[in-house]
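data.txt follows; it contains compact mmCIF, C-alpha atoms.
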```
# COMPACT_ATOMS: atom_id res chain seq x y z
CA MET J 119 20.13 -7.04 23.74
CA VAL J 120 16.46 -6.01 23.73
CA ALA J 121 17.29 -2.33 23.45
CA GLU J 122 20.01 -3.06 20.91
CA LYS J 123 17.46 -4.84 18.72
CA TYR J 124 15.87 -1.49 17.90
CA ASP J 125 19.12 0.42 17.36
CA GLY J 126 18.85 2.53 14.25
CA LEU J 127 15.12 2.05 13.77
CA LEU J 128 14.10 5.63 14.56
CA SER J 129 17.12 7.26 12.94
CA ARG J 130 16.65 5.20 9.78
CA PHE J 131 12.98 6.05 9.60
CA LEU J 132 13.62 9.77 10.02
CA LYS J 133 16.31 9.70 7.36
CA TYR J 134 14.13 7.75 4.95
CA VAL J 135 11.05 9.98 5.26
CA LYS J 136 13.14 13.09 4.67
CA THR J 137 14.19 11.64 1.31
CA GLU J 138 11.56 12.56 -1.27
CA THR J 139 10.35 9.55 -3.27
CA ARG J 140 6.85 10.44 -4.46
CA SER J 141 5.88 8.29 -7.46
CA ASN J 142 4.55 9.87 -10.65
CA PRO J 143 1.30 8.46 -12.10
CA ALA J 144 1.83 10.29 -15.42
CA SER J 145 5.18 8.61 -16.06
CA THR J 146 5.75 5.57 -18.27
CA THR J 147 9.18 4.71 -16.87
CA VAL J 148 10.07 2.13 -14.21
CA PRO J 149 10.54 3.50 -11.62
CA SER J 150 8.19 6.36 -12.38
CA ASP J 151 10.48 9.01 -10.88
CA PRO J 152 14.30 9.32 -10.71
CA LYS J 153 14.06 10.15 -7.00
CA GLU J 154 12.96 6.56 -6.36
CA THR J 155 15.97 5.23 -8.25
CA ALA J 156 18.33 7.42 -6.24
CA PHE J 157 16.82 6.24 -2.95
CA LEU J 158 16.97 2.58 -3.99
CA ASN J 159 20.66 3.03 -4.79
CA GLU J 160 21.22 4.53 -1.33
CA LEU J 161 19.46 1.57 0.25
CA ALA J 162 21.55 -0.83 -1.83
CA ALA J 163 24.70 0.73 -0.43
CA GLU J 164 23.32 0.46 3.10
CA LEU J 165 22.39 -3.22 2.72
CA THR J 166 25.81 -3.96 1.27
CA GLN J 167 27.47 -2.21 4.22
CA ILE J 168 25.35 -4.24 6.64
CA GLY J 169 26.72 -7.40 5.02
CA LEU J 170 23.82 -8.77 2.98
CA GLU J 171 24.58 -10.87 -0.09
CA ASN J 172 23.49 -10.63 -3.74
CA VAL J 173 22.46 -7.00 -3.34
CA HIS J 174 21.19 -5.83 -6.71
CA ILE J 175 18.46 -3.89 -8.46
CA ASN J 176 16.44 -6.22 -10.66
CA GLU J 177 16.40 -4.96 -14.25
CA GLN J 178 12.88 -6.25 -14.90
CA SER J 179 11.13 -4.66 -11.92
CA SER J 180 13.58 -2.09 -10.48
CA TYR J 181 13.13 -3.82 -7.11
CA LEU J 182 16.14 -3.72 -4.83
CA MET J 183 16.75 -7.32 -3.84
CA ALA J 184 19.12 -8.71 -1.23
CA THR J 185 19.74 -11.88 0.76
CA ILE J 186 20.32 -12.52 4.44
CA PRO J 187 22.24 -15.81 4.22
CA SER J 188 21.16 -18.79 6.27
CA ASN J 189 23.19 -19.62 9.37
CA ILE J 190 21.74 -23.10 9.99
CA ASP J 191 22.81 -26.47 8.58
CA TYR J 192 19.36 -27.77 7.63
CA ALA J 193 16.87 -26.63 5.03
CA VAL J 194 13.91 -24.40 5.87
CA PRO J 195 11.62 -22.42 3.57
CA THR J 196 13.00 -19.11 2.38
CA ILE J 197 11.05 -16.12 3.71
CA GLY J 198 10.62 -12.96 1.66
CA LEU J 199 10.01 -9.51 3.17
CA ILE J 200 8.76 -6.77 0.86
CA ALA J 201 8.11 -3.03 1.25
CA HIS J 202 7.76 -0.08 -1.12
CA VAL J 203 9.82 3.08 -1.14
CA ASP J 204 7.48 5.51 -2.91
CA THR J 205 4.98 7.80 -1.23
CA ALA J 206 1.46 8.75 -2.23
CA ASP J 207 -0.18 11.55 -4.19
CA PHE J 208 0.21 14.27 -1.55
CA ASN J 209 2.93 16.83 -1.00
CA ALA J 210 6.13 15.01 -0.06
CA HIS J 211 8.64 17.82 -0.57
CA ASN J 212 10.70 18.81 2.47
CA VAL J 213 9.17 16.36 4.93
CA ASN J 214 9.90 17.68 8.41
CA PRO J 215 8.86 15.07 11.00
CA GLN J 216 8.02 15.96 14.59
CA ILE J 217 8.73 13.68 17.55
CA ILE J 218 6.32 13.66 20.50
CA GLU J 219 7.73 11.60 23.35
CA ASP J 220 5.49 9.98 25.97
CA TYR J 221 2.25 11.17 24.40
CA ASP J 222 -0.47 11.47 27.06
CA GLY J 223 -3.30 10.01 24.95
CA HIS J 224 -5.64 13.00 25.16
CA SER J 225 -3.91 16.25 24.23
CA ALA J 226 -3.98 17.96 20.85
CA ILE J 227 -0.75 17.76 18.85
CA LYS J 228 0.03 20.91 16.91
CA LEU J 229 1.51 20.19 13.50
CA GLY J 230 4.27 22.69 12.90
CA ASP J 231 3.46 26.38 12.94
CA GLY J 232 0.34 26.18 10.80
CA GLU J 233 -3.36 25.74 11.44
CA TYR J 234 -3.44 21.94 11.56
CA GLN J 235 -3.42 19.69 14.59
CA LEU J 236 -4.07 16.11 15.60
CA THR J 237 -6.80 15.76 18.21
CA PRO J 238 -8.39 12.65 19.73
CA ASP J 239 -11.83 14.05 18.86
CA ALA J 240 -11.01 14.09 15.16
CA PHE J 241 -8.68 11.08 15.27
CA PRO J 242 -9.78 8.70 18.06
CA SER J 243 -6.92 6.30 17.28
CA LEU J 244 -4.62 8.68 19.18
CA LYS J 245 -6.13 7.44 22.44
CA LYS J 246 -4.42 4.06 21.90
CA TYR J 247 -0.98 5.59 22.07
CA ALA J 248 -0.71 6.95 25.60
CA GLY J 249 2.92 6.60 26.69
CA ASP J 250 4.21 6.07 23.14
CA THR J 251 6.65 8.13 21.11
CA LEU J 252 4.76 9.45 18.09
CA ILE J 253 6.26 10.75 14.85
CA THR J 254 4.00 13.20 13.00
CA THR J 255 4.22 15.63 10.11
CA ASP J 256 4.57 19.41 10.43
CA GLY J 257 1.23 19.80 8.65
CA THR J 258 2.63 20.74 5.23
CA THR J 259 3.39 17.25 3.88
CA LEU J 260 2.57 13.62 4.40
CA LEU J 261 4.95 11.67 6.63
CA GLY J 262 5.78 8.68 4.47
CA ALA J 263 5.24 5.97 7.07
CA ASP J 264 3.47 4.30 4.16
CA ASP J 265 5.74 2.55 3.60
CA LYS J 266 9.04 3.82 4.92
CA SER J 267 8.09 2.41 8.30
CA GLY J 268 8.10 -1.01 6.62
CA VAL J 269 11.42 -0.28 4.90
CA ALA J 270 13.01 0.84 8.17
CA GLU J 271 11.71 -2.21 10.05
CA ILE J 272 13.03 -4.65 7.46
CA VAL J 273 16.45 -3.01 7.17
CA THR J 274 16.81 -2.75 10.95
CA MET J 275 15.87 -6.43 11.32
CA ALA J 276 18.50 -7.33 8.72
CA ASP J 277 21.13 -5.29 10.54
CA TYR J 278 20.27 -6.96 13.84
CA LEU J 279 20.43 -10.49 12.43
CA MET J 280 23.77 -9.86 10.74
CA LYS J 281 25.21 -8.59 14.04
CA HIS J 282 23.83 -11.56 16.01
CA PRO J 283 24.69 -14.87 14.34
CA GLU J 284 23.54 -16.69 17.48
CA ILE J 285 19.96 -16.03 16.32
CA LYS J 286 19.23 -18.94 14.02
CA HIS J 287 17.51 -18.27 10.72
CA GLY J 288 17.17 -19.63 7.25
CA GLN J 289 17.74 -17.65 4.10
CA ILE J 290 15.70 -14.43 4.09
CA LYS J 291 15.05 -12.41 0.96
CA ILE J 292 14.43 -8.67 1.00
CA GLY J 293 12.62 -6.80 -1.77
CA LEU J 294 12.23 -3.01 -1.71
CA GLY J 295 10.27 -1.71 -4.65
CA PRO J 296 8.97 1.41 -6.39
CA ASP J 297 5.58 2.68 -7.53
CA GLU J 298 3.20 0.82 -5.23
CA GLU J 299 1.18 3.97 -4.71
CA ILE J 300 0.40 4.32 -8.42
CA GLY J 301 -0.59 0.66 -8.69
CA THR J 302 2.21 -0.49 -11.00
CA GLY J 303 5.02 -1.37 -8.62
CA ALA J 304 4.60 -5.15 -8.62
CA ASP J 305 3.56 -5.53 -12.25
CA HIS J 306 7.06 -6.62 -13.25
CA PHE J 307 8.08 -8.34 -10.02
CA ASP J 308 10.58 -11.12 -10.74
CA VAL J 309 9.53 -14.05 -8.55
CA ALA J 310 12.33 -16.30 -9.82
CA ASP J 311 15.05 -13.75 -9.09
CA PHE J 312 13.58 -13.03 -5.66
CA GLY J 313 13.78 -16.72 -4.78
CA ALA J 314 11.48 -16.92 -1.74
CA ASP J 315 9.07 -19.74 -0.89
CA PHE J 316 6.57 -17.38 0.73
CA ALA J 317 6.63 -13.69 1.59
CA TYR J 318 5.01 -10.82 3.45
CA THR J 319 4.53 -7.23 2.44
CA VAL J 320 5.22 -5.07 5.49
CA ASP J 321 2.85 -2.35 4.37
CA GLY J 322 -0.14 -2.39 6.73
CA GLY J 323 -1.37 0.11 9.26
CA PRO J 324 -1.87 -0.09 13.04
CA LEU J 325 -0.69 -2.77 15.46
CA GLY J 326 -1.84 -6.29 14.64
CA GLU J 327 -3.11 -5.78 11.11
CA LEU J 328 -2.86 -9.04 9.18
CA GLU J 329 -4.41 -8.75 5.75
CA TYR J 330 -5.13 -11.53 3.30
CA GLU J 331 -8.36 -10.35 1.67
CA THR J 332 -8.38 -7.32 -0.63
CA PHE J 333 -10.57 -5.76 -3.26
CA ASN J 334 -10.70 -6.83 -6.86
CA ALA J 335 -9.82 -3.61 -8.65
CA ALA J 336 -10.32 -2.07 -12.09
CA GLN J 337 -9.97 1.38 -13.59
CA ALA J 338 -12.11 2.97 -16.30
CA GLU J 339 -10.77 5.90 -18.32
CA ILE J 340 -13.59 7.57 -20.24
CA GLU J 341 -13.37 10.20 -22.97
CA ILE J 342 -16.43 12.12 -24.18
CA LYS J 343 -16.41 14.03 -27.47
CA GLY J 344 -18.86 16.94 -27.46
CA ASN J 345 -20.06 19.32 -30.14
CA ASP J 346 -19.71 22.94 -29.04
CA VAL J 347 -21.90 25.44 -30.90
CA HIS J 348 -23.41 28.78 -29.95
CA THR J 349 -26.08 28.34 -27.30
CA GLY J 350 -28.51 30.33 -29.41
CA VAL J 351 -28.58 27.59 -32.04
CA ALA J 352 -27.82 24.65 -29.74
CA LYS J 353 -31.08 22.71 -30.12
CA GLY J 354 -30.53 19.53 -32.08
CA THR J 355 -26.88 20.37 -32.70
CA MET J 356 -24.99 20.83 -29.45
CA VAL J 357 -23.61 17.83 -27.60
CA ASN J 358 -22.52 19.05 -24.18
CA ALA J 359 -19.75 16.70 -23.07
CA ILE J 360 -20.17 17.84 -19.47
CA GLN J 361 -23.84 16.93 -19.51
CA VAL J 362 -23.11 13.53 -21.04
CA ALA J 363 -20.62 12.93 -18.22
CA ILE J 364 -23.27 13.91 -15.67
CA ASP J 365 -25.77 11.56 -17.30
CA LEU J 366 -23.22 8.74 -17.18
CA HIS J 367 -22.45 9.34 -13.52
CA ASP J 368 -26.13 9.57 -12.61
CA SER J 369 -26.73 6.20 -14.29
CA LEU J 370 -24.57 4.47 -11.68
CA PRO J 371 -26.11 3.42 -8.32
CA THR J 372 -25.96 6.47 -6.08
CA HIS J 373 -25.59 4.38 -2.91
CA GLU J 374 -22.59 2.47 -4.31
CA ARG J 375 -19.99 5.19 -3.99
CA ALA J 376 -16.84 5.01 -1.87
CA GLU J 377 -18.13 7.56 0.62
CA ARG J 378 -21.34 5.60 1.17
CA THR J 379 -19.95 2.10 1.58
CA ASP J 380 -17.91 0.10 4.08
CA GLY J 381 -16.99 -3.46 5.00
CA ARG J 382 -17.45 -5.78 2.03
CA GLN J 383 -19.52 -3.30 0.02
CA GLY J 384 -18.00 -2.47 -3.35
CA PHE J 385 -18.26 0.83 -5.19
CA PHE J 386 -17.76 3.03 -8.23
CA HIS J 387 -15.52 5.99 -7.38
CA LEU J 388 -15.26 8.98 -9.72
CA TYR J 389 -11.58 9.68 -9.16
CA LYS J 390 -10.92 12.40 -11.72
CA PHE J 391 -13.08 14.67 -13.87
CA ASP J 392 -12.23 17.39 -16.32
CA GLY J 393 -14.56 18.88 -18.84
CA THR J 394 -15.78 21.54 -21.24
CA VAL J 395 -18.73 21.46 -23.62
CA ASP J 396 -16.36 20.23 -26.32
CA HIS J 397 -14.64 17.47 -24.39
CA ALA J 398 -14.78 15.73 -21.02
CA SER J 399 -12.74 13.00 -19.37
CA MET J 400 -13.53 10.83 -16.36
CA VAL J 401 -11.60 8.23 -14.40
CA TYR J 402 -13.43 5.67 -12.28
CA LEU J 403 -12.09 3.22 -9.74
CA ILE J 404 -14.18 0.03 -9.57
CA ARG J 405 -13.83 -2.08 -6.44
CA ASP J 406 -15.45 -5.23 -5.05
CA HIS J 407 -14.35 -8.17 -2.90
CA ASP J 408 -16.59 -10.64 -4.72
CA LYS J 409 -15.34 -11.80 -8.13
CA GLN J 410 -18.81 -12.14 -9.66
CA THR J 411 -20.06 -8.78 -8.43
CA PHE J 412 -16.80 -7.21 -9.62
CA ALA J 413 -17.49 -8.52 -13.13
CA GLU J 414 -21.08 -7.25 -12.97
CA ARG J 415 -19.87 -3.77 -12.05
CA LYS J 416 -17.65 -3.64 -15.12
CA HIS J 417 -20.46 -4.92 -17.34
CA LEU J 418 -22.83 -2.27 -15.98
CA LEU J 419 -20.41 0.51 -16.91
CA GLU J 420 -19.97 -0.98 -20.38
CA ARG J 421 -23.75 -1.07 -20.87
CA ILE J 422 -24.12 2.55 -19.75
CA VAL J 423 -21.46 3.68 -22.24
CA ALA J 424 -23.09 1.69 -25.04
CA GLY J 425 -26.51 3.13 -24.16
CA LEU J 426 -25.22 6.71 -24.26
CA ASN J 427 -23.68 6.14 -27.68
CA ASP J 428 -26.97 4.68 -28.93
CA GLU J 429 -28.82 7.71 -27.62
CA LEU J 430 -26.33 10.08 -29.25
CA GLY J 431 -26.50 8.21 -32.53
CA GLU J 432 -22.76 7.80 -32.83
CA GLU J 433 -19.74 6.77 -30.77
CA ARG J 434 -18.95 9.86 -28.74
CA VAL J 435 -18.15 8.06 -25.49
CA THR J 436 -15.09 5.80 -25.46
CA MET J 437 -13.78 3.83 -22.51
CA LYS J 438 -10.55 2.08 -21.67
CA LEU J 439 -11.38 -0.46 -18.93
CA TYR J 440 -8.67 -2.59 -17.38
CA ASP J 441 -8.12 -4.69 -14.28
CA GLN J 442 -5.53 -3.55 -11.75
CA TYR J 443 -5.36 -6.36 -9.18
CA TYR J 444 -7.45 -9.17 -7.74
CA ASN J 445 -8.59 -10.34 -4.32
CA LEU J 446 -5.57 -11.64 -2.44
CA LYS J 447 -7.74 -14.20 -0.63
CA ASP J 448 -8.41 -16.14 -3.84
CA ALA J 449 -4.68 -16.54 -4.44
CA LEU J 450 -3.96 -17.53 -0.82
CA LYS J 451 -6.79 -20.03 -0.29
CA ASP J 452 -4.39 -22.98 -0.69
CA HIS J 453 -1.59 -21.30 1.28
CA MET J 454 -3.25 -20.27 4.52
CA ASP J 455 -0.33 -21.74 6.46
CA VAL J 456 1.54 -18.53 5.56
CA VAL J 457 -1.19 -16.52 7.26
CA GLU J 458 -1.22 -18.87 10.25
CA ILE J 459 2.53 -18.40 10.84
CA ALA J 460 2.06 -14.62 11.03
CA LYS J 461 -1.00 -15.00 13.23
CA GLN J 462 0.87 -17.30 15.63
CA ALA J 463 3.87 -14.96 15.70
CA MET J 464 1.69 -12.06 16.79
CA GLU J 465 -0.10 -14.11 19.43
CA ASN J 466 3.25 -15.31 20.80
CA LEU J 467 4.17 -11.65 21.29
CA GLY J 468 0.89 -10.76 22.97
CA ILE J 469 -0.38 -8.91 19.89
CA LYS J 470 -4.01 -9.51 18.93
CA PRO J 471 -4.20 -10.13 15.17
CA ASP J 472 -6.59 -7.71 13.47
CA ILE J 473 -7.90 -9.59 10.43
CA TYR J 474 -10.51 -7.99 8.18
CA PRO J 475 -11.26 -7.51 4.45
CA VAL J 476 -9.06 -4.66 3.23
CA ARG J 477 -10.80 -1.90 1.34
CA GLY J 478 -7.81 -1.53 -0.94
CA GLY J 479 -4.95 -3.63 -2.22
CA THR J 480 -1.26 -4.30 -1.73
CA ASP J 481 1.64 -5.33 -3.93
CA GLY J 482 1.08 -8.72 -2.31
CA SER J 483 -2.13 -9.07 -4.30
CA THR J 484 -0.24 -8.95 -7.60
CA ILE J 485 2.73 -10.96 -6.36
CA SER J 486 0.52 -13.73 -4.93
CA TYR J 487 -1.11 -14.20 -8.32
CA MET J 488 2.40 -14.67 -9.72
CA GLY J 489 2.74 -17.75 -7.51
CA LEU J 490 4.42 -16.33 -4.41
CA PRO J 491 1.99 -16.32 -1.43
CA THR J 492 2.27 -12.84 0.10
CA PRO J 493 -0.12 -11.59 2.81
CA ASN J 494 0.34 -8.17 4.38
CA LEU J 495 1.61 -7.27 7.88
CA PHE J 496 1.23 -4.12 9.94
CA ALA J 497 3.96 -1.49 9.71
CA GLY J 498 2.41 1.09 12.03
CA GLY J 499 1.16 4.04 10.01
CA GLU J 500 -2.05 5.92 10.83
CA ASN J 501 -3.95 8.47 8.67
CA MET J 502 -1.78 7.57 5.71
CA HIS J 503 -1.58 9.68 2.53
CA SER J 504 -2.32 12.90 4.39
CA ARG J 505 -0.88 15.75 6.43
CA PHE J 506 -2.34 14.01 9.50
CA GLU J 507 -0.22 10.89 9.08
CA TYR J 508 1.62 9.63 12.14
CA VAL J 509 3.24 6.49 13.49
CA SER J 510 4.10 5.09 16.91
CA LEU J 511 7.73 4.11 17.42
CA GLN J 512 6.61 1.36 19.79
CA THR J 513 4.35 -0.11 17.09
CA MET J 514 7.25 -0.08 14.65
CA GLU J 515 9.33 -1.96 17.24
CA LYS J 516 6.56 -4.55 17.57
CA ALA J 517 6.48 -4.91 13.80
CA LEU J 518 10.20 -5.69 13.90
CA ASP J 519 9.55 -8.19 16.71
CA THR J 520 6.89 -9.84 14.56
CA LEU J 521 9.31 -10.31 11.67
CA LEU J 522 11.84 -11.93 14.00
CA GLU J 523 9.16 -14.18 15.53
CA ILE J 524 8.00 -15.31 12.08
CA ASN J 525 11.57 -16.31 11.35
CA LYS J 526 11.80 -18.15 14.67
CA LEU J 527 8.61 -20.12 13.95
CA ASN J 528 9.80 -20.93 10.44
CA VAL J 529 13.04 -22.38 11.80
CA GLU J 530 11.45 -24.24 14.72
CA GLN J 531 8.43 -25.67 12.89
CA ASP J 532 10.46 -26.95 9.99
CA ASN J 533 13.17 -28.39 12.25
CA ASN J 534 10.54 -30.25 14.31
CA LYS J 535 8.96 -32.02 11.34
```
As structure tokens, what does this structure read like?
Amino acid sequence: MVAEKYDGLLSRFLKYVKTETRSNPASTTVPSDPKETAFLNELAAELTQIGLENVHINEQSSYLMATIPSNIDYAVPTIGLIAHVDTADFNAHNVNPQIIEDYDGHSAIKLGDGEYQLTPDAFPSLKKYAGDTLITTDGTTLLGADDKSGVAEIVTMADYLMKHPEIKHGQIKIGLGPDEEIGTGADHFDVADFGADFAYTVDGGPLGELEYETFNAAQAEIEIKGNDVHTGVAKGTMVNAIQVAIDLHDSLPTHERAERTDGRQGFFHLYKFDGTVDHASMVYLIRDHDKQTFAERKHLLERIVAGLNDELGEERVTMKLYDQYYNLKDALKDHMDVVEIAKQAMENLGIKPDIYPVRGGTDGSTISYMGLPTPNLFAGGENMHSRFEYVSLQTMEKALDTLLEINKLNVEQDNNK
């Protein structure tokens, strides 16, 4: 039965990553790209074929939702398992995964026929995977383990439970959603329709990751109106929008940039810039774990914009500043039992939980603030969002084991009360 437990995991994953589902940040639709809708419909058919109940795509959020019905005669909390189907802002067309069986832990892995390769010198994490089966890219695309590894693990777990009614479980809810990578996927999540008491996003990285503290996040979109005149008569007349943008950027703390920070240090990250003398635009990501410091960062940017306009004598710099998500820890502080169940499940399986403040966010951040406690579990991916992305099949199997062990603890703990 142990081998059977993982039946379909690899084949599902390979099928899923070959299906293009890159989200579109310029879109205003939900989902942001029709390819996501098509994939969600394919998954709906698969879940229906497996035997899940109430399989539907929620009109409010475009999440695919489904139910594994309880097979016990007493009440236990309903677990929710969530993953996202979209991939990040990197080439995702014609994903062609490679399989390296029994990796030796030290050799270079050539990615396709091109110039790129994975080496332990550049990517020391490879050394952890001696003896594992690795799935990599061919060097021309990302892989999509973020988060199709999570999708494959959840669907394979559902298939296994439906085929083995002797494994006792309560009601389990599945939610597979779009647009996580563009930060809007969970904005319309329907907690009531989902119907879980607590949940986990299966969207983390390497073995043992258990995440319940994230950044607070905001985005600033800045437009600068210049005045382009001939350079020969520029004095007192020209307003160089590029130079104003440079002045704005130089007014921010130079040591508080993404590439110069780690751990709990927040930052301002100039994410996009485009400019001419006549007009410039900038997009900043603002991140901090601490709520007060997060607010101070936003206020600093507002003061810099106001100061530039004062200096220019008119409003030439405009900014749209909005929050994106908040620190998951603040929403989970009264629900740490959900974290403890996951931690205990991993320890029961001989997996050391890797708990640290995430320098990013998950859909669980947004969903937890909607009232559904949702920490994040490992799904296996390494070097995500890049041509160097890879995942260990054995780590994916352990992620599936963790989901089953969480269910086991949920049933046993509640039955023993």
Counting only C-alpha atoms, which residues in segment 309-345 of chain J sit no more than 9 Å from segment 267-271 of chain J? For each one, give the nearest pair of atoms and the distance in Å, sorted by chain then residue number, as a tab-separated table.
```
residue	atom	partner	partner_atom	distance
J:Thr319	CA	J:Gly268	CA	8.3
J:Val320	CA	J:Gly268	CA	5.1
J:Asp321	CA	J:Gly268	CA	5.9
J:Gly322	CA	J:Gly268	CA	8.4
```
Requested in this report: Using atom CA of Lys245 of chain J and atom CA of Ser225 of chain J as the two end points, give the distance in Å to one decimal.
Outcome: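 Going from atom CA of Lys245 of chain J over to atom CA of Ser225 of chain J covers 9.3 Å.
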Query raised in the report: Which is closer to Thr492 of chain J than all the others in J:Leu446, J:Ala398, J:Ala310, J:Ala210, using all atoms listed in the file?
Result: J:Leu446
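When only C-alpha atoms are used to compute distances to Thr372 of chain J, the closest of the residues J:Ile218, J:His387, J:Phe131, J:Met280 turns out to be J:His387.
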**Report entry** Given all atoms listed in the file as the counted atoms, nearest of J:Asp277, J:Asp265, J:Glu327, J:Glu530 to Ile190 of chain J
**Finding:** J:Glu530
Query raised in the report: atom CA of Tyr181 of chain J to atom CA of Lys133 of chain J: how many Å, to one decimal?
Result: 20.1 Å
Query raised in the report: Out of J:Asp231, J:Asp308, J:Glu219, J:Asp191, which residue has the shortest atom-to-atom distance to Asn176 of chain J when counting all atoms listed in the file?
Result: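 Checking each of J:Asp231, J:Asp308, J:Glu219, J:Asp191 against Asn176 of chain J, counting all atoms listed in the file, the winner is J:Asp308.
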Report task. For each of J:Ala335, J:Val529, J:Ile272, J:Leu370, take the minimum atom-to-atom distance to Leu294 of chain J, counting all atoms listed in the file, then give the residue where this is smallest. Result -> J:Ile272
Report task. Kindly indicate which residue among J:Lys516, J:His306, J:Lys266, J:His211 lies nearest to Thr484 of chain J, using all atoms listed in the file for the distances. Result ->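 Closest residue, counting all atoms listed in the file: J:His306.
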Report task. Excluding Glu164 of chain J and any residue of its chain fewer than 2 positions from it, enumerate the residues within 12 Å of it, using all atoms listed in the file, and give them as a ChimeraX atom specification. Result -> /J:130,134,157-162,166-171,173-174,182,184,270,273-274,276-277
Report summary line: Between atom CA of Leu199 of chain J and atom CA of Asn212 of chain J lies a distance of 28.3 Å
